[in-house]
$ cat entry_6.cif   # mmCIF, C-alpha atoms and all ligand atoms
data_work
loop_
_atom_site.label_atom_id
_atom_site.label_comp_id
_atom_site.auth_asym_id
_atom_site.auth_seq_id
_atom_site.Cartn_x
_atom_site.Cartn_y
_atom_site.Cartn_z
CA MET A 1 -29.19 47.99 9.68
CA LYS A 2 -28.09 46.45 12.99
CA THR A 3 -27.23 48.38 16.11
CA GLU A 4 -25.34 46.68 18.93
CA PRO A 5 -28.39 45.76 21.06
CA MET A 6 -30.13 44.46 17.91
CA ALA A 7 -27.12 42.25 17.22
CA TRP A 8 -27.10 40.84 20.79
CA PHE A 9 -30.59 39.46 20.35
CA ASP A 10 -30.69 39.15 16.56
CA LEU A 11 -33.58 41.62 16.30
CA ASP A 12 -35.00 42.93 13.02
CA ALA A 13 -36.06 46.27 14.53
CA PRO A 14 -34.41 48.65 17.04
CA ILE A 15 -37.65 48.64 19.03
CA PHE A 16 -37.96 47.55 22.67
CA ALA A 17 -41.44 47.44 24.17
CA PHE A 18 -42.28 47.52 27.85
CA SER A 19 -45.63 46.00 28.79
CA HIS A 20 -47.29 44.34 31.76
CA CYS A 21 -49.19 42.24 29.23
CA ARG A 22 -47.55 39.03 28.01
CA ASP A 23 -49.57 39.05 24.77
CA VAL A 24 -48.04 42.41 23.82
CA VAL A 25 -44.54 41.23 24.77
CA ALA A 26 -44.87 38.09 22.66
CA ALA A 27 -46.37 39.93 19.68
CA VAL A 28 -43.54 42.50 19.67
CA CYS A 29 -40.95 39.70 19.76
CA ARG A 30 -42.66 37.90 16.88
CA ALA A 31 -42.68 41.16 14.90
CA GLY A 32 -38.89 41.49 15.20
CA GLY A 33 -38.52 43.79 18.23
CA MET A 34 -37.92 42.86 21.86
CA GLY A 35 -40.73 42.82 24.39
CA ALA A 36 -39.98 43.41 28.07
CA LEU A 37 -42.44 42.05 30.61
CA GLY A 38 -43.27 44.27 33.60
CA THR A 39 -43.45 42.15 36.73
CA THR A 40 -44.18 44.55 39.57
CA GLN A 41 -47.52 42.92 40.24
CA CYS A 42 -46.29 39.29 40.07
CA THR A 43 -45.33 36.88 42.80
CA ALA A 44 -42.51 34.47 41.92
CA GLU A 45 -45.17 31.78 41.26
CA GLN A 46 -47.12 34.03 38.87
CA LEU A 47 -43.90 35.03 37.14
CA GLU A 48 -43.11 31.37 36.48
CA ILE A 49 -46.51 31.02 34.77
CA GLU A 50 -46.04 34.18 32.70
CA LEU A 51 -42.55 33.27 31.51
CA SER A 52 -43.55 29.69 30.69
CA TRP A 53 -46.32 31.14 28.55
CA LEU A 54 -43.88 33.54 26.85
CA ASP A 55 -41.49 30.65 26.13
CA GLU A 56 -44.26 29.12 24.03
CA HIS A 57 -45.46 32.28 22.30
CA THR A 58 -42.52 34.40 21.11
CA GLY A 59 -41.76 32.10 18.19
CA GLY A 60 -38.46 31.15 19.81
CA ARG A 61 -37.33 34.78 20.00
CA PRO A 62 -35.73 36.29 23.10
CA TYR A 63 -37.57 38.57 25.50
CA ALA A 64 -36.65 40.79 28.47
CA VAL A 65 -37.98 40.89 32.03
CA ASP A 66 -38.33 44.13 33.99
CA LEU A 67 -37.69 43.71 37.72
CA MET A 68 -37.80 46.14 40.62
CA PHE A 69 -34.71 46.07 42.85
CA ALA A 70 -35.33 48.29 45.86
CA SER A 71 -32.10 49.26 47.55
CA ASN A 72 -34.03 50.86 50.40
CA ALA A 73 -36.09 47.68 50.62
CA PRO A 74 -38.85 47.98 53.19
CA GLU A 75 -37.95 44.72 54.96
CA ARG A 76 -39.53 46.31 58.02
CA PHE A 77 -42.92 45.49 56.52
CA GLU A 78 -42.26 41.74 56.51
CA GLY A 79 -44.75 40.01 58.78
CA MET A 80 -47.37 42.74 58.46
CA THR A 81 -50.33 40.96 56.94
CA THR A 82 -53.48 42.87 57.85
CA PRO A 83 -54.59 46.45 57.20
CA GLU A 84 -54.52 46.98 61.00
CA ASP A 85 -50.80 46.14 61.07
CA VAL A 86 -49.96 49.21 59.01
CA GLU A 87 -52.81 51.51 60.02
CA HIS A 88 -50.58 53.49 62.40
CA LEU A 89 -48.28 54.34 59.46
CA LEU A 90 -51.07 55.84 57.36
CA PRO A 91 -52.43 59.09 58.84
CA LYS A 92 -56.20 59.14 59.45
CA GLU A 93 -56.44 62.43 57.56
CA HIS A 94 -55.09 60.65 54.47
CA ARG A 95 -57.36 57.63 54.83
CA ASP A 96 -60.39 59.92 55.23
CA PHE A 97 -59.32 61.93 52.19
CA VAL A 98 -59.18 58.81 50.01
CA GLU A 99 -62.62 57.68 51.20
CA ARG A 100 -64.07 61.15 50.61
CA ILE A 101 -62.96 61.24 46.97
CA LEU A 102 -64.33 57.76 46.32
CA ASP A 103 -67.61 58.61 48.08
CA GLU A 104 -68.01 61.77 46.02
CA HIS A 105 -67.84 59.58 42.92
CA ALA A 106 -70.13 56.89 44.38
CA VAL A 107 -67.47 54.17 44.15
CA PRO A 108 -68.79 51.09 46.00
CA LYS A 109 -66.83 49.63 48.95
CA LEU A 110 -65.34 46.12 49.07
CA SER A 111 -66.43 43.51 51.59
CA THR A 112 -64.18 43.14 54.65
CA GLU A 113 -62.98 39.72 53.45
CA GLU A 114 -62.08 41.03 50.00
CA SER A 115 -60.37 44.05 51.46
CA GLU A 116 -58.22 41.86 53.73
CA GLN A 117 -57.36 39.44 50.93
CA LEU A 118 -56.38 42.35 48.72
CA PHE A 119 -54.07 43.65 51.39
CA ARG A 120 -52.40 40.24 51.81
CA ASP A 121 -51.92 39.99 48.04
CA TYR A 122 -50.49 43.48 47.99
CA MET A 123 -47.98 42.67 50.73
CA ALA A 124 -46.95 39.52 48.84
CA THR A 125 -46.29 41.30 45.56
CA MET A 126 -45.83 45.02 45.94
CA THR A 127 -43.55 45.66 48.89
CA ARG A 128 -40.50 44.82 46.76
CA THR A 129 -38.27 43.48 49.48
CA HIS A 130 -34.83 42.33 48.45
CA ALA A 131 -35.83 38.71 49.17
CA GLN A 132 -38.83 39.00 46.84
CA ALA A 133 -36.72 40.48 44.04
CA MET A 134 -34.17 37.68 44.37
CA ALA A 135 -36.91 35.03 44.30
CA ARG A 136 -38.12 36.55 41.01
CA LEU A 137 -34.58 36.62 39.63
CA GLU A 138 -34.27 32.90 40.35
CA VAL A 139 -37.38 32.30 38.25
CA VAL A 140 -36.15 34.47 35.38
CA VAL A 141 -32.79 32.73 35.03
CA ARG A 142 -34.53 29.35 34.61
CA HIS A 143 -36.01 30.55 31.28
CA PRO A 144 -33.46 30.45 28.46
CA LEU A 145 -35.37 32.88 26.19
CA ALA A 146 -35.30 35.54 28.94
CA ARG A 147 -32.14 37.20 27.63
CA MET A 148 -32.23 40.56 29.38
CA ILE A 149 -33.06 41.81 32.86
CA VAL A 150 -34.17 45.43 33.15
CA SER A 151 -33.91 47.32 36.42
CA ALA A 152 -36.94 49.58 36.71
CA LEU A 153 -35.67 51.73 39.56
CA GLY A 154 -32.05 52.28 40.44
CA VAL A 155 -28.74 50.47 40.02
CA PRO A 156 -29.13 46.68 39.82
CA PRO A 157 -27.48 44.88 42.78
CA ASP A 158 -24.11 43.13 42.22
CA GLU A 159 -25.62 39.66 42.54
CA VAL A 160 -28.02 40.41 39.68
CA ILE A 161 -25.19 41.47 37.41
CA SER A 162 -22.98 38.49 38.30
CA GLU A 163 -25.87 36.03 37.93
CA ALA A 164 -26.72 37.52 34.51
CA ARG A 165 -23.05 37.43 33.42
CA SER A 166 -22.73 33.76 34.33
CA ARG A 167 -25.70 33.01 32.06
CA ASP A 168 -24.72 35.31 29.21
CA MET A 169 -27.75 37.54 29.83
CA LYS A 170 -27.70 41.33 29.47
CA VAL A 171 -28.66 43.79 32.19
CA ALA A 172 -30.30 47.12 31.36
CA ALA A 173 -31.44 49.98 33.58
CA LEU A 174 -33.61 53.07 33.23
CA VAL A 175 -31.95 56.43 33.95
CA GLY A 176 -33.70 59.78 34.18
CA HIS A 177 -30.73 62.03 35.02
CA PRO A 178 -27.14 62.16 33.68
CA LYS A 179 -25.72 62.08 37.22
CA HIS A 180 -26.87 58.47 37.62
CA VAL A 181 -24.84 57.13 34.68
CA LYS A 182 -21.60 56.73 36.64
CA HIS A 183 -23.25 54.45 39.20
CA HIS A 184 -24.61 52.18 36.47
CA ARG A 185 -21.23 52.13 34.71
CA ALA A 186 -19.50 51.19 37.94
CA ALA A 187 -22.02 48.40 38.53
CA GLY A 188 -21.37 46.95 35.05
CA VAL A 189 -24.76 47.50 33.38
CA ASP A 190 -24.78 46.49 29.66
CA LEU A 191 -27.43 48.87 28.35
CA LEU A 192 -28.86 52.16 29.59
CA ILE A 193 -32.34 53.44 28.85
CA ALA A 194 -32.56 57.24 28.82
CA SER A 195 -36.00 57.75 30.28
CA GLY A 196 -37.41 61.18 29.43
CA THR A 197 -40.01 63.04 31.44
CA GLU A 198 -42.64 62.61 28.73
CA SER A 199 -42.68 58.82 29.32
CA GLY A 200 -45.53 56.96 30.96
CA GLY A 201 -44.88 55.52 34.42
CA HIS A 202 -42.14 56.65 36.83
CA VAL A 203 -40.23 59.57 35.37
CA GLY A 204 -37.68 62.24 36.13
CA GLU A 205 -37.88 65.87 35.06
CA ILE A 206 -35.69 65.96 31.95
CA ALA A 207 -37.11 65.81 28.42
CA SER A 208 -35.75 62.94 26.34
CA PHE A 209 -34.54 65.26 23.57
CA VAL A 210 -32.18 66.79 26.10
CA LEU A 211 -31.48 63.62 28.08
CA THR A 212 -30.60 61.04 25.41
CA PRO A 213 -27.52 62.81 23.95
CA GLN A 214 -26.15 63.42 27.43
CA ILE A 215 -26.66 59.84 28.54
CA ALA A 216 -25.21 58.52 25.25
CA GLU A 217 -22.06 60.59 25.71
CA LEU A 218 -21.58 59.67 29.37
CA ALA A 219 -22.39 56.00 28.84
CA ASP A 220 -20.12 55.45 25.82
CA PRO A 221 -19.19 52.67 24.97
CA ILE A 222 -22.27 51.26 26.75
CA PRO A 223 -25.16 51.48 24.28
CA VAL A 224 -28.24 53.54 25.08
CA LEU A 225 -31.92 53.31 24.18
CA HIS A 226 -34.04 56.42 23.90
CA GLY A 227 -37.08 56.15 26.18
CA GLY A 228 -40.13 58.36 26.08
CA GLY A 229 -42.62 59.76 23.63
CA VAL A 230 -42.03 57.40 20.72
CA GLY A 231 -45.14 56.84 18.62
CA ARG A 232 -43.88 57.36 15.07
CA GLY A 233 -41.14 55.93 12.91
CA ARG A 234 -39.52 59.32 12.37
CA GLN A 235 -38.88 59.48 16.12
CA ILE A 236 -36.82 56.28 15.88
CA ALA A 237 -34.62 57.97 13.30
CA ALA A 238 -34.39 61.00 15.62
CA ALA A 239 -33.44 58.74 18.54
CA LEU A 240 -30.58 57.24 16.53
CA ALA A 241 -29.51 60.76 15.57
CA LEU A 242 -29.43 61.67 19.26
CA GLY A 243 -26.93 58.89 19.92
CA ALA A 244 -29.27 56.05 20.90
CA GLN A 245 -29.09 52.56 19.44
CA GLY A 246 -32.81 51.91 19.62
CA VAL A 247 -36.02 53.03 21.31
CA TRP A 248 -37.69 51.92 24.54
CA THR A 249 -41.45 52.30 24.29
CA GLY A 250 -44.45 51.76 26.58
CA SER A 251 -47.54 53.88 26.07
CA ILE A 252 -48.11 53.09 22.37
CA TRP A 253 -48.88 49.47 23.27
CA LEU A 254 -51.68 50.36 25.70
CA THR A 255 -54.27 50.70 22.94
CA THR A 256 -53.24 47.66 20.92
CA ALA A 257 -55.76 44.87 20.45
CA GLU A 258 -53.51 42.60 22.55
CA ALA A 259 -53.16 44.97 25.54
CA GLU A 260 -54.48 44.53 29.06
CA THR A 261 -56.30 47.87 29.21
CA THR A 262 -60.08 48.09 29.56
CA PRO A 263 -62.26 49.76 26.90
CA ALA A 264 -62.71 52.82 29.15
CA VAL A 265 -58.94 53.31 29.56
CA ARG A 266 -58.34 52.81 25.82
CA ASP A 267 -61.05 55.30 25.03
CA LYS A 268 -59.55 57.87 27.40
CA ILE A 269 -56.08 57.41 25.86
CA ILE A 270 -57.43 57.74 22.33
CA ARG A 271 -59.30 60.93 23.23
CA ALA A 272 -56.42 62.47 25.24
CA ASP A 273 -54.08 65.03 23.72
CA SER A 274 -50.43 65.39 24.72
CA ALA A 275 -51.38 67.65 27.65
CA GLY A 276 -53.69 64.92 28.92
CA THR A 277 -51.12 63.39 31.28
CA MET A 278 -49.28 64.74 34.31
CA ARG A 279 -46.50 63.75 36.70
CA SER A 280 -48.13 62.72 39.90
CA LEU A 281 -47.23 61.24 43.26
CA ASP A 282 -50.66 59.70 43.76
CA GLY A 283 -49.76 56.08 42.97
CA THR A 284 -46.48 55.34 44.71
CA GLY A 285 -45.19 58.55 46.28
CA LYS A 286 -42.60 58.83 43.49
CA PRO A 287 -43.35 60.94 40.40
CA ALA A 288 -45.07 58.92 37.69
CA ARG A 289 -46.76 60.21 34.54
CA ARG A 290 -50.42 59.25 34.37
CA LEU A 291 -53.60 60.25 32.59
CA ARG A 292 -55.09 63.36 34.16
CA SER A 293 -58.23 62.85 36.24
CA GLU A 294 -59.86 64.37 39.29
CA TRP A 295 -58.10 61.72 41.41
CA VAL A 296 -54.64 62.59 40.07
CA GLU A 297 -55.26 66.33 40.27
CA ALA A 298 -56.60 66.06 43.84
CA TRP A 299 -53.23 64.69 45.00
CA ALA A 300 -51.44 67.65 43.40
CA ASP A 301 -53.64 70.22 45.16
CA PRO A 302 -51.71 71.81 48.06
CA ALA A 303 -54.98 72.23 49.96
CA ASN A 304 -55.25 68.43 50.29
CA PRO A 305 -53.11 65.95 52.28
CA GLN A 306 -49.78 65.45 50.55
CA PRO A 307 -48.81 62.05 49.12
CA LEU A 308 -46.84 59.82 51.51
CA PRO A 309 -43.32 58.54 50.75
CA MET A 310 -42.84 55.19 48.99
CA PRO A 311 -44.08 52.56 49.85
CA LEU A 312 -46.67 54.07 52.21
CA GLN A 313 -48.57 55.88 49.45
CA THR A 314 -49.15 52.63 47.58
CA MET A 315 -50.36 50.99 50.79
CA LEU A 316 -52.69 53.91 51.34
CA VAL A 317 -54.26 53.90 47.88
CA ASN A 318 -53.97 50.24 46.86
CA GLU A 319 -57.57 49.37 47.67
CA ALA A 320 -58.82 52.65 46.18
CA ARG A 321 -57.02 51.82 42.94
CA VAL A 322 -58.66 48.42 42.79
CA ARG A 323 -62.09 49.95 43.42
CA MET A 324 -61.51 52.60 40.75
CA ALA A 325 -60.28 49.98 38.29
CA ARG A 326 -63.34 47.84 38.95
CA TYR A 327 -66.02 50.53 38.77
CA GLU A 328 -64.23 52.98 36.48
CA PRO A 329 -65.85 56.20 37.73
CA PRO A 330 -65.37 58.46 34.68
CA GLY A 331 -64.08 61.47 36.63
CA LEU A 332 -61.42 59.49 38.50
CA LEU A 333 -60.20 57.16 35.75
CA THR A 334 -56.44 57.22 35.32
CA TYR A 335 -53.62 54.94 34.10
CA PRO A 336 -49.87 55.30 33.68
CA ALA A 337 -49.33 56.85 30.24
CA GLY A 338 -46.99 59.30 28.53
CA GLN A 339 -47.41 62.41 26.42
CA VAL A 340 -47.39 60.24 23.29
CA VAL A 341 -51.09 59.56 24.00
CA GLY A 342 -51.72 62.65 21.86
CA MET A 343 -50.42 60.69 18.86
CA ILE A 344 -52.65 57.67 19.40
CA ASP A 345 -55.98 57.87 17.58
CA ARG A 346 -57.24 54.29 17.31
CA GLU A 347 -56.85 50.71 18.41
CA ARG A 348 -54.50 48.63 16.26
CA THR A 349 -52.73 45.30 16.51
CA VAL A 350 -49.13 45.15 17.71
CA ARG A 351 -48.15 43.95 14.27
CA ASP A 352 -49.70 46.99 12.60
CA VAL A 353 -48.03 49.38 15.05
CA MET A 354 -44.66 47.72 14.40
CA TYR A 355 -45.21 47.82 10.66
CA ASP A 356 -46.07 51.55 10.65
CA LEU A 357 -43.14 52.40 12.92
CA LEU A 358 -40.69 50.59 10.66
CA LEU A 359 -42.18 51.92 7.44
CA GLU A 360 -41.90 55.55 8.54
CA PHE A 361 -38.48 54.91 10.07
CA GLY A 362 -37.25 53.63 6.69
CA GLU A 363 -38.82 56.56 4.84
CA THR A 364 -37.26 59.04 7.25
CA MET A 365 -33.80 57.50 6.90
CA GLU A 366 -34.21 57.81 3.15
CA GLN A 367 -35.24 61.47 3.47
CA MET A 368 -32.13 62.08 5.58
CA ARG A 369 -29.94 60.45 2.96
CA GLN A 370 -31.50 62.71 0.33
CA ILE A 371 -30.98 65.80 2.48
CA ASP A 372 -27.38 64.70 2.99
CA ALA A 373 -26.91 64.19 -0.73
CA GLY A 374 -28.46 67.59 -1.44
CA VAL A 375 -31.28 66.15 -3.52
CA GLU A 376 -34.08 68.70 -4.11
C1 LIG B 401 -48.70 51.48 31.92
C2 LIG B 401 -47.23 51.66 32.16
C3 LIG B 401 -46.64 51.01 33.23
C4 LIG B 401 -45.25 51.12 33.43
N1 LIG B 401 -44.68 50.42 34.44
C5 LIG B 401 -43.32 50.32 34.48
C6 LIG B 401 -42.67 49.40 35.35
O1 LIG B 401 -43.33 48.69 36.13
N2 LIG B 401 -41.32 49.30 35.28
C7 LIG B 401 -40.58 50.07 34.40
O2 LIG B 401 -39.36 49.91 34.33
N3 LIG B 401 -41.16 50.97 33.60
C8 LIG B 401 -42.51 51.09 33.60
N4 LIG B 401 -43.09 51.97 32.72
C9 LIG B 401 -42.25 52.85 31.89
C10 LIG B 401 -41.79 52.14 30.62
O3 LIG B 401 -40.79 51.20 30.94
C11 LIG B 401 -41.18 53.12 29.60
O4 LIG B 401 -40.06 53.72 30.17
C12 LIG B 401 -42.11 54.21 29.12
O5 LIG B 401 -43.41 53.72 28.89
C13 LIG B 401 -41.53 54.82 27.84
O6 LIG B 401 -42.16 55.99 27.49
P1 LIG B 401 -43.53 56.07 26.63
O7 LIG B 401 -44.60 55.65 27.56
O8 LIG B 401 -43.59 57.49 26.24
O9 LIG B 401 -43.36 55.14 25.48
C14 LIG B 401 -44.48 51.92 32.55
C15 LIG B 401 -45.10 52.60 31.48
C16 LIG B 401 -46.45 52.49 31.28
C17 LIG B 401 -47.08 53.23 30.12
#
$ encode --input "entry_6.cif" --output "C-alpha cells"
Amino acid sequence: MKTEPMAWFDLDAPIFAFSHCRDVVAAVCRAGGMGALGTTQCTAEQLEIELSWLDEHTGGRPYAVDLMFASNAPERFEGMTTPEDVEHLLPKEHRDFVERILDEHAVPKLSTEESEQLFRDYMATMTRTHAQAMARLEVVVRHPLARMIVSALGVPPDEVISEARSRDMKVAALVGHPKHVKHHRAAGVDLLIASGTESGGHVGEIASFVLTPQIAELADPIPVLHGGGVGRGRQIAAALALGAQGVWTGSIWLTTAEAETTPAVRDKIIRADSAGTMRSLDGTGKPARRLRSEWVEAWADPANPQPLPMPLQTMLVNEARVRMARYEPPGLLTYPAGQVVGMIDRERTVRDVMYDLLLEFGETMEQMRQIDAGVE
C-alpha cells in the first residue's frame, strides 16, 4: 500500500509524527514513518544543531520540520529585551493573578538574573517575527534530508512556498476549519493536515471525524492527512476511509521512552482518561488542548482575569511555565496533549508504538475486506 504522501518520501507507513523531541522524530523515520520536528522553542542556531543531529540519526530517511509563520508578526516587540520593556503591556491584575496561583502552590521564585535571562531567551525564540521565521527557513533548506516544511499556524508565506519548490521540498499546513482550505490552495500548499479539536496543542472546534471528509473534498486533488486522536491502528484505517492519505499524530509519542517529557508528565498522561484534557487559552492566548490542572482551569474561570491575546499571554506566563516545569507542583502540572491520552496506558518505545499501529491497521484492513466480501 502506498498513498501519495508515502510515495513522495518513500515511506513504509502512512504515519506522520509531530514531536519537539529529535529522538522521537528520528525513531519514527527509522521505523518507516515520517517524523516532523517542532521548532517553536529553537533559535536558528539551535535549529542547525538539531537538524545536523537528525541528519545523522534517521538512517538516511527524510524528515519534516514544523515552523511557525506569523502573518501578524509582532515586529513591534523587536528591541524589547527586559521584563520592564513589556511590563506596561501586561496588566498588573494579571501579573498578580499569576503570582497568586504559584504562591498558593508554593512554587519557588527565580533569581532576578535568571528571570532576566529567561526573558531574553524568550524574546529570541518565541516572538515569531517574520525575520526569525525566515532565518529558520534558511537553516532548514541547507539540510537535504529535510524534505517537508509544515506551517503550524496559518497559510505559509509565498517565499516559503517558492523556496521549497526550488528545492523540490513539500509544504504542508494544519487546518482546523473547512473555510481555510481555499487560502491554502491559492498559496500552493502540497499537503493539508485536517486538525481536529481532539488533538493536543493548538486546535479549532471541529471534531476530526467531521473535519477530515470535508477537508479532503475541498482540498482534492491536494492530499490530506487526518490529525487528531490517533492512538490505534484501526483509526488509521478509519482515517483512510474518511478520505485522508495518512495520519498526523502527536500525543501518542509523549509517553515513549525516547520522548522529552518528565516522569511526572508521563505519569499524568498515563493516568488521564479522554476527558482529562481541555481547550485552554492559558499558554498562548489561542485555544490549545492541554492536560487539565488547577492552572488551566483557573484561566477558564470567568471570575479570574481573562487570558491576553497572542503573544502577550505567553509573555505573561512564560516564567510561570518555567517555574511549574521545574518544580512540577502536582495540582498545577499541565502539558499540551489530546484526548487520545485516554488510550495510553504505559510507556513504550517508538518502535513498539509503530509496530502496534501497523499491526492493527493491517488487521483492520483485512476485516474490512472480509466485510466487503460478505465473509461471516
Ligand atoms: C506537546 C505538543 C506540542 C505541540 N506543538 C505543536 C507545534 O508547535 N506546532 C504544530 O504545528 N503542532 C503542534 N502540536 C500539534 C500536533 O502537530 C498535532 O496536530 C497533534 O498532536 C495531533 O493530534 P494528537 O495529539 O491527538 O495526536 C503539538 C502537539 C502536542 C501534543
$ residues_near_ligand --input "entry_6.cif" --ligand "ligand LIG 401 (chain B)" --cutoff "9 Å" --atoms "only C-alpha atoms and all ligand atoms" --output "PyMOL selection string"
chain A and resi 17-20+36-41+66-68+150-153+173-174+193-203+226-231+247-254+261+288-290+335-341
$ residues_near_point --input "entry_6.cif" --point "(-52.5, 66.5, 22.8)" --cutoff "8 Å" --atoms "all atoms listed in the file" --output "list in words"
Ala272, Asp273, Ser274, Ala275, Gly276, Gln339, Val341, Gly342 and Met343 of chain A
$ closest_residue --input "entry_6.cif" --among "A:Pro83, A:Glu294, A:Gly233, A:Pro307" --to "Thr112 in chain A" --atoms "only C-alpha atoms"
A:Pro83
$ atom_distance --input "entry_6.cif" --atom1 "CA of Met80 in chain A" --atom2 "CA of Pro309 in chain A"
18.0 Å
$ residues_around --input "entry_6.cif" --residues "Ala26 in chain A" --least-positions-apart "5" --cutoff "10 Å" --atoms "all atoms listed in the file" --output "PyMOL selection string"
chain A and resi 21+31+33-37+53-63+258+350
$ write_last_selection --input "entry_6.cif" --atoms "C-alpha atoms" --output "mmCIF file, keeping the file's coordinate frame"
data_model
loop_
_atom_site.group_PDB
_atom_site.id
_atom_site.type_symbol
_atom_site.label_atom_id
_atom_site.label_comp_id
_atom_site.auth_asym_id
_atom_site.auth_seq_id
_atom_site.Cartn_x
_atom_site.Cartn_y
_atom_site.Cartn_z
ATOM 1 C CA CYS A 21 -49.190 42.240 29.230
ATOM 2 C CA ALA A 31 -42.680 41.160 14.900
ATOM 3 C CA GLY A 33 -38.520 43.790 18.230
ATOM 4 C CA MET A 34 -37.920 42.860 21.860
ATOM 5 C CA GLY A 35 -40.730 42.820 24.390
ATOM 6 C CA ALA A 36 -39.980 43.410 28.070
ATOM 7 C CA LEU A 37 -42.440 42.050 30.610
ATOM 8 C CA TRP A 53 -46.320 31.140 28.550
ATOM 9 C CA LEU A 54 -43.880 33.540 26.850
ATOM 10 C CA ASP A 55 -41.490 30.650 26.130
ATOM 11 C CA GLU A 56 -44.260 29.120 24.030
ATOM 12 C CA HIS A 57 -45.460 32.280 22.300
ATOM 13 C CA THR A 58 -42.520 34.400 21.110
ATOM 14 C CA GLY A 59 -41.760 32.100 18.190
ATOM 15 C CA GLY A 60 -38.460 31.150 19.810
ATOM 16 C CA ARG A 61 -37.330 34.780 20.000
ATOM 17 C CA PRO A 62 -35.730 36.290 23.100
ATOM 18 C CA TYR A 63 -37.570 38.570 25.500
ATOM 19 C CA GLU A 258 -53.510 42.600 22.550
ATOM 20 C CA VAL A 350 -49.130 45.150 17.710
#
$ closest_residue --input "entry_6.cif" --among "A:Ile15, A:Met365, A:Ala259, A:Met6" --to "Ala241 in chain A" --atoms "all atoms listed in the file"
A:Met365
$ axis_aligned_box --input "entry_6.cif" --around "range 202-211 of chain A" --padding-each-side "6 Å" --output "JSON"
{"center_x": -36.8, "center_y": 61.7, "center_z": 30.2, "size_x": 22.7, "size_y": 22.1, "size_z": 25.3}
$ closest_residue --input "entry_6.cif" --among "A:Pro329, A:Gly188, A:Gly362, A:Gly374" --to "Pro108 in chain A" --atoms "all atoms listed in the file"
A:Pro329
$ closest_residue --input "entry_6.cif" --among "A:Val65, A:Ala298, A:Ile49, A:Ala131" --to "Val25 in chain A" --atoms "all atoms listed in the file"
A:Val65
$ closest_residue --input "entry_6.cif" --among "A:Glu48, A:Asp352, A:Glu328, A:Asp372" --to "His105 in chain A" --atoms "only C-alpha atoms"
A:Glu328
$ closest_residue --input "entry_6.cif" --among "A:Ala7, A:Lys109, A:Lys92, A:Cys42" --to "Arg326 in chain A" --atoms "all atoms listed in the file"
A:Lys109
$ decode --input "entry_6.cif" --residues "range 166-182 of chain A" --atoms "N, CA and C atoms" --output "PDB file, in the first residue's frame"
ATOM      1  N   SER A 166      11.756  25.382  -5.280  1.00  0.00           N
ATOM      2  CA  SER A 166      13.046  25.414  -5.976  1.00  0.00           C
ATOM      3  C   SER A 166      13.961  24.301  -5.460  1.00  0.00           C
ATOM      4  N   ARG A 167      13.641  23.738  -4.316  1.00  0.00           N
ATOM      5  CA  ARG A 167      14.482  22.665  -3.765  1.00  0.00           C
ATOM      6  C   ARG A 167      13.749  21.328  -3.738  1.00  0.00           C
ATOM      7  N   ASP A 168      12.637  21.260  -4.437  1.00  0.00           N
ATOM      8  CA  ASP A 168      11.869  20.026  -4.518  1.00  0.00           C
ATOM      9  C   ASP A 168      11.425  19.530  -3.140  1.00  0.00           C
ATOM     10  N   MET A 169      11.140  20.470  -2.243  1.00  0.00           N
ATOM     11  CA  MET A 169      10.596  20.113  -0.930  1.00  0.00           C
ATOM     12  C   MET A 169       9.076  20.286  -0.970  1.00  0.00           C
ATOM     13  N   LYS A 170       8.377  19.590  -0.080  1.00  0.00           N
ATOM     14  CA  LYS A 170       6.931  19.757   0.026  1.00  0.00           C
ATOM     15  C   LYS A 170       6.606  20.731   1.155  1.00  0.00           C
ATOM     16  N   VAL A 171       5.435  21.373   1.024  1.00  0.00           N
ATOM     17  CA  VAL A 171       4.964  22.270   2.084  1.00  0.00           C
ATOM     18  C   VAL A 171       3.588  21.791   2.546  1.00  0.00           C
ATOM     19  N   ALA A 172       3.454  21.595   3.847  1.00  0.00           N
ATOM     20  CA  ALA A 172       2.173  21.164   4.426  1.00  0.00           C
ATOM     21  C   ALA A 172       1.684  22.234   5.397  1.00  0.00           C
ATOM     22  N   ALA A 173       0.391  22.195   5.704  1.00  0.00           N
ATOM     23  CA  ALA A 173      -0.144  23.152   6.677  1.00  0.00           C
ATOM     24  C   ALA A 173      -1.302  22.520   7.438  1.00  0.00           C
ATOM     25  N   LEU A 174      -1.416  22.904   8.709  1.00  0.00           N
ATOM     26  CA  LEU A 174      -2.531  22.422   9.534  1.00  0.00           C
ATOM     27  C   LEU A 174      -3.754  23.299   9.295  1.00  0.00           C
ATOM     28  N   VAL A 175      -4.927  22.663   9.167  1.00  0.00           N
ATOM     29  CA  VAL A 175      -6.180  23.417   9.033  1.00  0.00           C
ATOM     30  C   VAL A 175      -7.221  22.852   9.999  1.00  0.00           C
ATOM     31  N   GLY A 176      -7.916  23.761  10.670  1.00  0.00           N
ATOM     32  CA  GLY A 176      -8.898  23.331  11.663  1.00  0.00           C
ATOM     33  C   GLY A 176     -10.320  23.642  11.260  1.00  0.00           C
ATOM     34  N   HIS A 177     -10.484  24.292  10.077  1.00  0.00           N
ATOM     35  CA  HIS A 177     -11.836  24.673   9.625  1.00  0.00           C
ATOM     36  C   HIS A 177     -11.874  24.610   8.090  1.00  0.00           C
ATOM     37  N   PRO A 178     -12.953  24.075   7.511  1.00  0.00           N
ATOM     38  CA  PRO A 178     -13.018  23.978   6.043  1.00  0.00           C
ATOM     39  C   PRO A 178     -12.843  25.317   5.336  1.00  0.00           C
ATOM     40  N   LYS A 179     -13.245  26.412   5.969  1.00  0.00           N
ATOM     41  CA  LYS A 179     -13.170  27.712   5.277  1.00  0.00           C
ATOM     42  C   LYS A 179     -11.725  28.141   4.978  1.00  0.00           C
ATOM     43  N   HIS A 180     -10.763  27.522   5.641  1.00  0.00           N
ATOM     44  CA  HIS A 180      -9.372  27.911   5.413  1.00  0.00           C
ATOM     45  C   HIS A 180      -8.738  27.214   4.212  1.00  0.00           C
ATOM     46  N   VAL A 181      -9.405  26.170   3.697  1.00  0.00           N
ATOM     47  CA  VAL A 181      -8.777  25.373   2.631  1.00  0.00           C
ATOM     48  C   VAL A 181      -8.470  26.224   1.404  1.00  0.00           C
ATOM     49  N   LYS A 182      -9.403  27.096   1.027  1.00  0.00           N
ATOM     50  CA  LYS A 182      -9.202  27.860  -0.220  1.00  0.00           C
ATOM     51  C   LYS A 182      -7.948  28.733  -0.162  1.00  0.00           C
TER      52      LYS A 182
END
